[in-house]
$ cat entry27.cif   # mmCIF, N, CA and C atoms
data_coords
#
loop_
_atom_site.group_PDB
_atom_site.id
_atom_site.type_symbol
_atom_site.label_atom_id
_atom_site.label_comp_id
_atom_site.auth_asym_id
_atom_site.auth_seq_id
_atom_site.Cartn_x
_atom_site.Cartn_y
_atom_site.Cartn_z
ATOM 1 N N MET A 1 7.823 -8.736 -4.970
ATOM 2 C CA MET A 1 7.502 -9.094 -6.331
ATOM 3 C C MET A 1 6.529 -10.262 -6.358
ATOM 4 N N GLU A 2 6.738 -11.186 -5.436
ATOM 5 C CA GLU A 2 5.863 -12.350 -5.373
ATOM 6 C C GLU A 2 4.424 -11.936 -5.056
ATOM 7 N N LEU A 3 4.254 -10.996 -4.142
ATOM 8 C CA LEU A 3 2.919 -10.513 -3.807
ATOM 9 C C LEU A 3 2.285 -9.794 -4.998
ATOM 10 N N ALA A 4 3.040 -8.959 -5.686
ATOM 11 C CA ALA A 4 2.515 -8.255 -6.859
ATOM 12 C C ALA A 4 2.063 -9.247 -7.924
ATOM 13 N N ARG A 5 2.852 -10.274 -8.145
ATOM 14 C CA ARG A 5 2.460 -11.309 -9.119
ATOM 15 C C ARG A 5 1.217 -12.055 -8.658
ATOM 16 N N HIS A 6 1.134 -12.333 -7.363
ATOM 17 C CA HIS A 6 -0.028 -13.033 -6.820
ATOM 18 C C HIS A 6 -1.303 -12.192 -7.001
ATOM 19 N N LEU A 7 -1.175 -10.896 -6.795
ATOM 20 C CA LEU A 7 -2.321 -9.999 -6.864
ATOM 21 C C LEU A 7 -2.742 -9.674 -8.291
ATOM 22 N N THR A 8 -1.767 -9.472 -9.177
ATOM 23 C CA THR A 8 -2.092 -8.963 -10.519
ATOM 24 C C THR A 8 -1.678 -9.878 -11.665
ATOM 25 N N GLY A 9 -0.893 -10.890 -11.383
ATOM 26 C CA GLY A 9 -0.434 -11.770 -12.456
ATOM 27 C C GLY A 9 0.974 -11.459 -12.926
ATOM 28 N N ASN A 10 1.482 -10.253 -12.600
ATOM 29 C CA ASN A 10 2.874 -9.907 -12.919
ATOM 30 C C ASN A 10 3.333 -8.826 -11.948
ATOM 31 N N ALA A 11 4.592 -8.469 -12.022
ATOM 32 C CA ALA A 11 5.154 -7.508 -11.068
ATOM 33 C C ALA A 11 5.199 -6.081 -11.613
ATOM 34 N N ASP A 12 4.624 -5.833 -12.776
ATOM 35 C CA ASP A 12 4.688 -4.505 -13.385
ATOM 36 C C ASP A 12 4.082 -3.407 -12.519
ATOM 37 N N ILE A 13 3.089 -3.752 -11.710
ATOM 38 C CA ILE A 13 2.435 -2.757 -10.853
ATOM 39 C C ILE A 13 3.415 -2.109 -9.881
ATOM 40 N N LEU A 14 4.514 -2.778 -9.604
ATOM 41 C CA LEU A 14 5.509 -2.223 -8.681
ATOM 42 C C LEU A 14 6.169 -0.962 -9.236
ATOM 43 N N GLN A 15 6.048 -0.739 -10.538
ATOM 44 C CA GLN A 15 6.607 0.475 -11.140
ATOM 45 C C GLN A 15 5.801 1.714 -10.768
ATOM 46 N N VAL A 16 4.521 1.533 -10.377
ATOM 47 C CA VAL A 16 3.668 2.672 -10.042
ATOM 48 C C VAL A 16 3.225 2.686 -8.582
ATOM 49 N N ALA A 17 3.332 1.559 -7.889
ATOM 50 C CA ALA A 17 2.901 1.490 -6.495
ATOM 51 C C ALA A 17 3.845 2.318 -5.635
ATOM 52 N N ARG A 18 3.273 3.087 -4.718
ATOM 53 C CA ARG A 18 4.071 3.928 -3.831
ATOM 54 C C ARG A 18 3.837 3.524 -2.389
ATOM 55 N N TRP A 19 4.858 3.651 -1.572
ATOM 56 C CA TRP A 19 4.767 3.323 -0.158
ATOM 57 C C TRP A 19 3.785 4.284 0.507
ATOM 58 N N CYS A 20 2.970 3.785 1.416
ATOM 59 C CA CYS A 20 2.010 4.607 2.167
ATOM 60 C C CYS A 20 2.254 4.424 3.654
ATOM 61 N N HIS A 21 2.142 5.493 4.388
ATOM 62 C CA HIS A 21 2.330 5.421 5.829
ATOM 63 C C HIS A 21 1.149 4.683 6.449
ATOM 64 N N GLU A 22 1.420 3.589 7.132
ATOM 65 C CA GLU A 22 0.345 2.748 7.651
ATOM 66 C C GLU A 22 -0.410 3.335 8.832
ATOM 67 N N THR A 23 0.109 4.374 9.449
ATOM 68 C CA THR A 23 -0.606 4.953 10.586
ATOM 69 C C THR A 23 -1.471 6.142 10.203
ATOM 70 N N CYS A 24 -1.429 6.544 8.955
ATOM 71 C CA CYS A 24 -2.222 7.690 8.515
ATOM 72 C C CYS A 24 -2.648 7.471 7.070
ATOM 73 N N VAL A 25 -3.846 6.946 6.912
ATOM 74 C CA VAL A 25 -4.362 6.670 5.568
ATOM 75 C C VAL A 25 -5.712 7.348 5.435
ATOM 76 N N ALA A 26 -5.896 8.086 4.362
ATOM 77 C CA ALA A 26 -7.188 8.687 4.051
ATOM 78 C C ALA A 26 -7.610 8.170 2.684
ATOM 79 N N VAL A 27 -8.856 7.795 2.572
ATOM 80 C CA VAL A 27 -9.384 7.241 1.332
ATOM 81 C C VAL A 27 -10.550 8.101 0.870
ATOM 82 N N THR A 28 -10.522 8.490 -0.377
ATOM 83 C CA THR A 28 -11.631 9.222 -0.967
ATOM 84 C C THR A 28 -12.585 8.218 -1.593
ATOM 85 N N ARG A 29 -13.838 8.289 -1.216
ATOM 86 C CA ARG A 29 -14.822 7.342 -1.739
ATOM 87 C C ARG A 29 -15.072 7.620 -3.217
ATOM 88 N N ASP A 30 -14.852 6.592 -4.030
ATOM 89 C CA ASP A 30 -15.097 6.727 -5.464
ATOM 90 C C ASP A 30 -15.588 5.414 -6.080
ATOM 91 N N GLY A 31 -15.959 4.464 -5.232
ATOM 92 C CA GLY A 31 -16.466 3.189 -5.727
ATOM 93 C C GLY A 31 -15.421 2.090 -5.806
ATOM 94 N N ARG A 32 -14.158 2.437 -5.590
ATOM 95 C CA ARG A 32 -13.101 1.423 -5.666
ATOM 96 C C ARG A 32 -12.604 0.990 -4.289
ATOM 97 N N GLU A 33 -13.303 1.427 -3.241
ATOM 98 C CA GLU A 33 -12.858 1.131 -1.881
ATOM 99 C C GLU A 33 -12.798 -0.366 -1.614
ATOM 100 N N SER A 34 -13.803 -1.110 -2.053
ATOM 101 C CA SER A 34 -13.817 -2.550 -1.760
ATOM 102 C C SER A 34 -12.654 -3.254 -2.443
ATOM 103 N N ARG A 35 -12.278 -2.805 -3.639
ATOM 104 C CA ARG A 35 -11.125 -3.385 -4.341
ATOM 105 C C ARG A 35 -9.837 -3.116 -3.550
ATOM 106 N N PHE A 36 -9.705 -1.889 -3.042
ATOM 107 C CA PHE A 36 -8.546 -1.512 -2.249
ATOM 108 C C PHE A 36 -8.461 -2.342 -0.965
ATOM 109 N N PHE A 37 -9.552 -2.369 -0.198
ATOM 110 C CA PHE A 37 -9.527 -3.085 1.083
ATOM 111 C C PHE A 37 -9.353 -4.591 0.899
ATOM 112 N N ALA A 38 -9.924 -5.149 -0.153
ATOM 113 C CA ALA A 38 -9.739 -6.584 -0.421
ATOM 114 C C ALA A 38 -8.278 -6.875 -0.765
ATOM 115 N N ALA A 39 -7.659 -6.003 -1.567
ATOM 116 C CA ALA A 39 -6.249 -6.191 -1.930
ATOM 117 C C ALA A 39 -5.348 -6.010 -0.718
ATOM 118 N N TRP A 40 -5.675 -5.061 0.139
ATOM 119 C CA TRP A 40 -4.896 -4.838 1.361
ATOM 120 C C TRP A 40 -4.969 -6.069 2.250
ATOM 121 N N ALA A 41 -6.153 -6.606 2.441
ATOM 122 C CA ALA A 41 -6.320 -7.810 3.275
ATOM 123 C C ALA A 41 -5.589 -8.999 2.660
ATOM 124 N N LEU A 42 -5.711 -9.167 1.358
ATOM 125 C CA LEU A 42 -5.023 -10.267 0.675
ATOM 126 C C LEU A 42 -3.516 -10.133 0.831
ATOM 127 N N GLY A 43 -3.014 -8.908 0.658
ATOM 128 C CA GLY A 43 -1.579 -8.678 0.791
ATOM 129 C C GLY A 43 -1.075 -8.932 2.194
ATOM 130 N N ALA A 44 -1.817 -8.462 3.191
ATOM 131 C CA ALA A 44 -1.419 -8.687 4.582
ATOM 132 C C ALA A 44 -1.416 -10.178 4.897
ATOM 133 N N ASP A 45 -2.463 -10.888 4.483
ATOM 134 C CA ASP A 45 -2.527 -12.341 4.709
ATOM 135 C C ASP A 45 -1.395 -13.063 3.988
ATOM 136 N N PHE A 46 -1.118 -12.634 2.761
ATOM 137 C CA PHE A 46 -0.066 -13.239 1.946
ATOM 138 C C PHE A 46 1.275 -13.163 2.669
ATOM 139 N N LEU A 47 1.606 -11.978 3.184
ATOM 140 C CA LEU A 47 2.885 -11.809 3.877
ATOM 141 C C LEU A 47 2.901 -12.532 5.222
ATOM 142 N N GLN A 48 1.814 -12.447 5.979
ATOM 143 C CA GLN A 48 1.768 -13.115 7.275
ATOM 144 C C GLN A 48 1.860 -14.624 7.129
ATOM 145 N N ASP A 49 1.269 -15.177 6.072
ATOM 146 C CA ASP A 49 1.372 -16.615 5.819
ATOM 147 C C ASP A 49 2.818 -17.040 5.587
ATOM 148 N N ARG A 50 3.654 -16.085 5.193
ATOM 149 C CA ARG A 50 5.066 -16.362 4.939
ATOM 150 C C ARG A 50 5.943 -15.908 6.099
ATOM 151 N N GLY A 51 5.310 -15.533 7.221
ATOM 152 C CA GLY A 51 6.057 -15.131 8.398
ATOM 153 C C GLY A 51 6.606 -13.728 8.354
ATOM 154 N N VAL A 52 6.106 -12.895 7.445
ATOM 155 C CA VAL A 52 6.553 -11.511 7.317
ATOM 156 C C VAL A 52 5.524 -10.622 8.003
ATOM 157 N N TYR A 53 5.956 -9.880 9.019
ATOM 158 C CA TYR A 53 5.036 -9.023 9.759
ATOM 159 C C TYR A 53 5.453 -7.560 9.675
ATOM 160 N N SER A 54 6.153 -7.218 8.636
ATOM 161 C CA SER A 54 6.599 -5.850 8.406
ATOM 162 C C SER A 54 6.299 -5.508 6.957
ATOM 163 N N GLY A 55 6.234 -4.253 6.655
ATOM 164 C CA GLY A 55 6.020 -3.849 5.272
ATOM 165 C C GLY A 55 4.588 -3.501 4.937
ATOM 166 N N GLU A 56 3.785 -3.179 5.954
ATOM 167 C CA GLU A 56 2.381 -2.837 5.713
ATOM 168 C C GLU A 56 2.250 -1.638 4.790
ATOM 169 N N GLY A 57 3.164 -0.675 4.905
ATOM 170 C CA GLY A 57 3.122 0.500 4.035
ATOM 171 C C GLY A 57 3.271 0.140 2.572
ATOM 172 N N GLY A 58 4.094 -0.861 2.297
ATOM 173 C CA GLY A 58 4.238 -1.336 0.925
ATOM 174 C C GLY A 58 2.984 -2.032 0.435
ATOM 175 N N VAL A 59 2.345 -2.801 1.312
ATOM 176 C CA VAL A 59 1.108 -3.496 0.950
ATOM 177 C C VAL A 59 0.003 -2.483 0.669
ATOM 178 N N ILE A 60 -0.088 -1.439 1.489
ATOM 179 C CA ILE A 60 -1.108 -0.412 1.281
ATOM 180 C C ILE A 60 -0.886 0.283 -0.061
ATOM 181 N N GLY A 61 0.353 0.617 -0.358
ATOM 182 C CA GLY A 61 0.659 1.254 -1.643
ATOM 183 C C GLY A 61 0.331 0.353 -2.818
ATOM 184 N N LEU A 62 0.623 -0.919 -2.681
ATOM 185 C CA LEU A 62 0.307 -1.887 -3.734
ATOM 186 C C LEU A 62 -1.204 -2.007 -3.903
ATOM 187 N N ALA A 63 -1.934 -2.060 -2.787
ATOM 188 C CA ALA A 63 -3.392 -2.137 -2.850
ATOM 189 C C ALA A 63 -3.984 -0.884 -3.488
ATOM 190 N N ALA A 64 -3.418 0.280 -3.180
ATOM 191 C CA ALA A 64 -3.891 1.528 -3.783
ATOM 192 C C ALA A 64 -3.672 1.508 -5.295
ATOM 193 N N ALA A 65 -2.499 1.084 -5.730
ATOM 194 C CA ALA A 65 -2.224 0.991 -7.164
ATOM 195 C C ALA A 65 -3.157 -0.018 -7.823
ATOM 196 N N TYR A 66 -3.398 -1.129 -7.165
ATOM 197 C CA TYR A 66 -4.307 -2.157 -7.674
ATOM 198 C C TYR A 66 -5.726 -1.603 -7.841
ATOM 199 N N ALA A 67 -6.134 -0.716 -6.927
ATOM 200 C CA ALA A 67 -7.463 -0.107 -7.008
ATOM 201 C C ALA A 67 -7.510 1.015 -8.046
ATOM 202 N N GLY A 68 -6.340 1.383 -8.575
ATOM 203 C CA GLY A 68 -6.294 2.451 -9.571
ATOM 204 C C GLY A 68 -6.162 3.832 -8.960
ATOM 205 N N TRP A 69 -5.728 3.885 -7.709
ATOM 206 C CA TRP A 69 -5.566 5.164 -7.020
ATOM 207 C C TRP A 69 -4.121 5.616 -7.076
ATOM 208 N N THR A 70 -3.935 6.922 -6.984
ATOM 209 C CA THR A 70 -2.601 7.485 -6.842
ATOM 210 C C THR A 70 -2.427 7.891 -5.380
ATOM 211 N N VAL A 71 -1.201 7.900 -4.930
ATOM 212 C CA VAL A 71 -0.886 8.306 -3.566
ATOM 213 C C VAL A 71 -0.512 9.774 -3.603
ATOM 214 N N ASP A 72 -1.161 10.555 -2.759
ATOM 215 C CA ASP A 72 -0.930 12.001 -2.731
ATOM 216 C C ASP A 72 -0.199 12.377 -1.447
ATOM 217 N N TYR A 73 1.128 12.388 -1.497
ATOM 218 C CA TYR A 73 1.917 12.763 -0.326
ATOM 219 C C TYR A 73 1.684 14.228 0.065
ATOM 220 N N ASP A 74 1.394 15.085 -0.911
ATOM 221 C CA ASP A 74 1.181 16.507 -0.628
ATOM 222 C C ASP A 74 -0.010 16.741 0.295
ATOM 223 N N ALA A 75 -0.994 15.849 0.257
ATOM 224 C CA ALA A 75 -2.174 16.000 1.113
ATOM 225 C C ALA A 75 -1.812 15.897 2.590
ATOM 226 N N LEU A 76 -0.666 15.307 2.889
ATOM 227 C CA LEU A 76 -0.238 15.138 4.282
ATOM 228 C C LEU A 76 0.727 16.221 4.754
ATOM 229 N N THR A 77 0.995 17.199 3.919
ATOM 230 C CA THR A 77 1.982 18.223 4.252
ATOM 231 C C THR A 77 1.701 18.882 5.602
ATOM 232 N N GLY A 78 0.458 19.171 5.886
ATOM 233 C CA GLY A 78 0.109 19.856 7.124
ATOM 234 C C GLY A 78 0.399 19.068 8.382
ATOM 235 N N ILE A 79 0.423 17.748 8.288
ATOM 236 C CA ILE A 79 0.678 16.926 9.480
ATOM 237 C C ILE A 79 1.964 16.111 9.353
ATOM 238 N N ALA A 80 2.714 16.337 8.303
ATOM 239 C CA ALA A 80 3.913 15.539 8.020
ATOM 240 C C ALA A 80 4.932 15.540 9.166
ATOM 241 N N ALA A 81 5.072 16.651 9.859
ATOM 242 C CA ALA A 81 6.070 16.731 10.925
ATOM 243 C C ALA A 81 5.766 15.776 12.071
ATOM 244 N N SER A 82 4.517 15.384 12.222
ATOM 245 C CA SER A 82 4.151 14.493 13.324
ATOM 246 C C SER A 82 4.134 13.022 12.914
ATOM 247 N N ILE A 83 4.443 12.735 11.664
ATOM 248 C CA ILE A 83 4.456 11.353 11.170
ATOM 249 C C ILE A 83 5.895 10.911 10.985
ATOM 250 N N GLN A 84 6.277 9.816 11.625
ATOM 251 C CA GLN A 84 7.625 9.292 11.445
ATOM 252 C C GLN A 84 7.561 7.776 11.392
ATOM 253 N N HIS A 85 8.070 7.209 10.332
ATOM 254 C CA HIS A 85 8.131 5.759 10.158
ATOM 255 C C HIS A 85 9.372 5.241 10.867
ATOM 256 N N GLU A 86 9.277 4.050 11.444
ATOM 257 C CA GLU A 86 10.420 3.506 12.180
ATOM 258 C C GLU A 86 11.637 3.321 11.280
ATOM 259 N N GLY A 87 11.424 3.221 9.973
ATOM 260 C CA GLY A 87 12.531 3.069 9.043
ATOM 261 C C GLY A 87 12.910 4.369 8.374
ATOM 262 N N GLY A 88 12.290 5.480 8.793
ATOM 263 C CA GLY A 88 12.617 6.785 8.220
ATOM 264 C C GLY A 88 11.894 7.088 6.930
ATOM 265 N N GLY A 89 10.822 6.361 6.592
ATOM 266 C CA GLY A 89 10.073 6.512 5.332
ATOM 267 C C GLY A 89 9.486 7.891 5.164
ATOM 268 N N PRO A 90 8.836 8.221 4.055
ATOM 269 C CA PRO A 90 8.533 7.244 3.028
ATOM 270 C C PRO A 90 9.780 6.763 2.297
ATOM 271 N N LYS A 91 9.693 5.541 1.872
ATOM 272 C CA LYS A 91 10.834 4.918 1.209
ATOM 273 C C LYS A 91 10.870 5.344 -0.255
ATOM 274 N N GLU A 92 12.061 5.540 -0.754
ATOM 275 C CA GLU A 92 12.240 5.932 -2.141
ATOM 276 C C GLU A 92 13.025 4.861 -2.867
ATOM 277 N N ALA A 93 12.785 4.764 -4.145
ATOM 278 C CA ALA A 93 13.473 3.753 -4.965
ATOM 279 C C ALA A 93 14.912 4.146 -5.213
#
$ encode --input "entry27.cif" --output "C-alpha coordinates"
Amino acid sequence: MELARHLTGNADILQVARWCHETCVAVTRDGRESRFFAAWALGADFLQDRGVYSGEGGVIGLAAAYAGWTVDYDALTGIAASIQHEGGGPKEA
(Lines of atoms letter the chains of each structure in order from A and count residues from 1; the text may use other names and numbers.)
(Lines give C-alpha, C1' and ligand atoms only; values in the text may rest on other atoms or scores of the structure.)
Protein backbone atom coordinates (compact mmCIF):
# COMPACT_ATOMS: atom_id res chain seq x y z
CA MET A 1 0.00 0.00 0.00
CA GLU A 2 2.86 2.32 0.81
CA LEU A 3 4.37 1.81 -2.65
CA ALA A 4 1.01 2.41 -4.36
CA ARG A 5 0.59 5.65 -2.42
CA HIS A 6 4.15 6.68 -3.26
CA LEU A 7 3.57 6.03 -6.96
CA THR A 8 0.05 7.40 -7.40
CA GLY A 9 -0.85 9.40 -4.30
CA ASN A 10 -3.28 6.78 -2.95
CA ALA A 11 -3.71 3.02 -2.76
CA ASP A 12 -6.79 2.76 -5.00
CA ILE A 13 -4.71 1.38 -7.89
CA LEU A 14 -4.31 -1.83 -5.90
CA GLN A 15 -7.94 -2.64 -6.75
CA VAL A 16 -6.98 -3.10 -10.42
CA ALA A 17 -3.28 -4.03 -10.30
CA ARG A 18 -2.66 -7.71 -11.00
CA TRP A 19 0.34 -9.85 -10.13
CA CYS A 20 2.65 -10.56 -13.10
CA HIS A 21 5.14 -13.37 -13.42
CA GLU A 22 8.56 -11.74 -13.26
CA THR A 23 10.28 -14.32 -15.44
CA CYS A 24 7.94 -13.95 -18.41
CA VAL A 25 6.80 -10.48 -19.36
CA ALA A 26 5.69 -9.35 -22.80
CA VAL A 27 4.94 -5.72 -23.53
CA THR A 28 3.00 -4.42 -26.49
CA ARG A 29 4.39 -1.13 -27.73
CA ASP A 30 1.75 1.57 -27.50
CA GLY A 31 3.65 4.63 -26.28
CA ARG A 32 3.28 3.92 -22.57
CA GLU A 33 6.39 1.76 -22.25
CA SER A 34 8.52 4.47 -20.63
CA ARG A 35 5.82 5.09 -17.99
CA PHE A 36 5.72 1.35 -17.24
CA PHE A 37 9.50 0.89 -17.03
CA ALA A 38 9.96 4.05 -14.93
CA ALA A 39 7.28 2.85 -12.48
CA TRP A 40 8.83 -0.62 -12.35
CA ALA A 41 12.26 0.85 -11.57
CA LEU A 42 10.80 3.21 -8.97
CA GLY A 43 8.91 0.35 -7.34
CA ALA A 44 11.93 -1.95 -7.26
CA ASP A 45 14.11 0.82 -5.78
CA PHE A 46 11.37 1.70 -3.27
CA LEU A 47 11.21 -1.86 -1.95
CA GLN A 48 14.97 -2.46 -2.01
CA ASP A 49 15.53 0.77 -0.06
CA ARG A 50 13.35 -0.81 2.63
CA GLY A 51 15.23 -4.12 2.56
CA VAL A 52 12.52 -5.98 0.64
CA TYR A 53 13.92 -8.15 -2.15
CA SER A 54 10.81 -10.15 -2.96
CA GLY A 55 7.56 -9.25 -4.65
CA GLU A 56 8.79 -8.22 -8.10
CA GLY A 57 5.64 -9.69 -9.64
CA GLY A 58 3.54 -7.33 -7.57
CA VAL A 59 5.69 -4.36 -8.59
CA ILE A 60 5.36 -5.30 -12.27
CA GLY A 61 1.59 -5.55 -11.94
CA LEU A 62 1.45 -2.20 -10.17
CA ALA A 63 3.64 -0.62 -12.87
CA ALA A 64 1.39 -2.08 -15.58
CA ALA A 65 -1.72 -0.64 -13.91
CA TYR A 66 0.07 2.69 -13.49
CA ALA A 67 0.83 2.69 -17.24
CA GLY A 68 -2.85 2.00 -17.94
CA TRP A 69 -2.28 -1.56 -19.15
CA THR A 70 -4.28 -4.65 -18.36
CA VAL A 71 -2.62 -7.98 -17.61
CA ASP A 72 -3.62 -10.73 -20.02
CA TYR A 73 -3.06 -14.10 -18.35
CA ASP A 74 -4.74 -15.85 -21.31
CA ALA A 75 -1.87 -14.79 -23.59
CA LEU A 76 0.39 -17.13 -21.59
CA THR A 77 -1.86 -20.19 -21.86
CA GLY A 78 0.41 -21.89 -24.38
CA ILE A 79 3.45 -21.75 -22.10
CA ALA A 80 1.72 -21.74 -18.71
CA ALA A 81 2.74 -25.31 -17.85
CA SER A 82 6.41 -24.32 -17.92
CA ILE A 83 5.99 -21.28 -15.65
CA GLN A 84 5.99 -21.83 -11.90
CA HIS A 85 6.37 -19.16 -9.24
CA GLU A 86 8.20 -20.15 -6.06
CA GLY A 87 5.08 -19.15 -4.12
CA GLY A 88 2.69 -21.01 -6.42
CA GLY A 89 1.40 -17.82 -8.16
CA PRO A 90 -0.24 -16.12 -9.78
CA LYS A 91 -1.49 -14.83 -6.50
CA GLU A 92 -5.19 -14.23 -6.03
CA ALA A 93 -6.94 -11.88 -3.65
$ axis_aligned_box --input "entry27.cif" --around "stretch 17-33 of chain A" --padding-each-side "6 Å" --output "lines of an AutoDock Vina configuration file"
center_x = -5.8
center_y = 4.4
center_z = 1.3
size_x = 33.3
size_y = 21.6
size_z = 30.5
$ select_by_dssp --input "entry27.cif" --residues "chain A" --states "helix (DSSP H, G or I)" --output "number ranges by chain"
A: 2-8, 12-15, 33-49, 56-67, 73-82
$ resolve_selection --input "entry27.cif" --expression "the PyMOL selection byres ((chain A and resi 63) around 8)" --output "list of chain:residue names"
A:Ala17, A:Arg18, A:Arg35, A:Phe36, A:Phe37, A:Ala38, A:Ala39, A:Trp40, A:Ala41, A:Gly43, A:Gly57, A:Gly58, A:Val59, A:Ile60, A:Gly61, A:Leu62, A:Ala64, A:Ala65, A:Tyr66, A:Ala67, A:Gly68, A:Trp69
$ atom_distance --input "entry27.cif" --atom1 "atom CA of A:Ala75" --atom2 "atom C of A:Arg29"
16.0 Å
$ atom_distance --input "entry27.cif" --atom1 "atom CA of A:Ser54" --atom2 "atom CA of A:Asp12"
21.9 Å
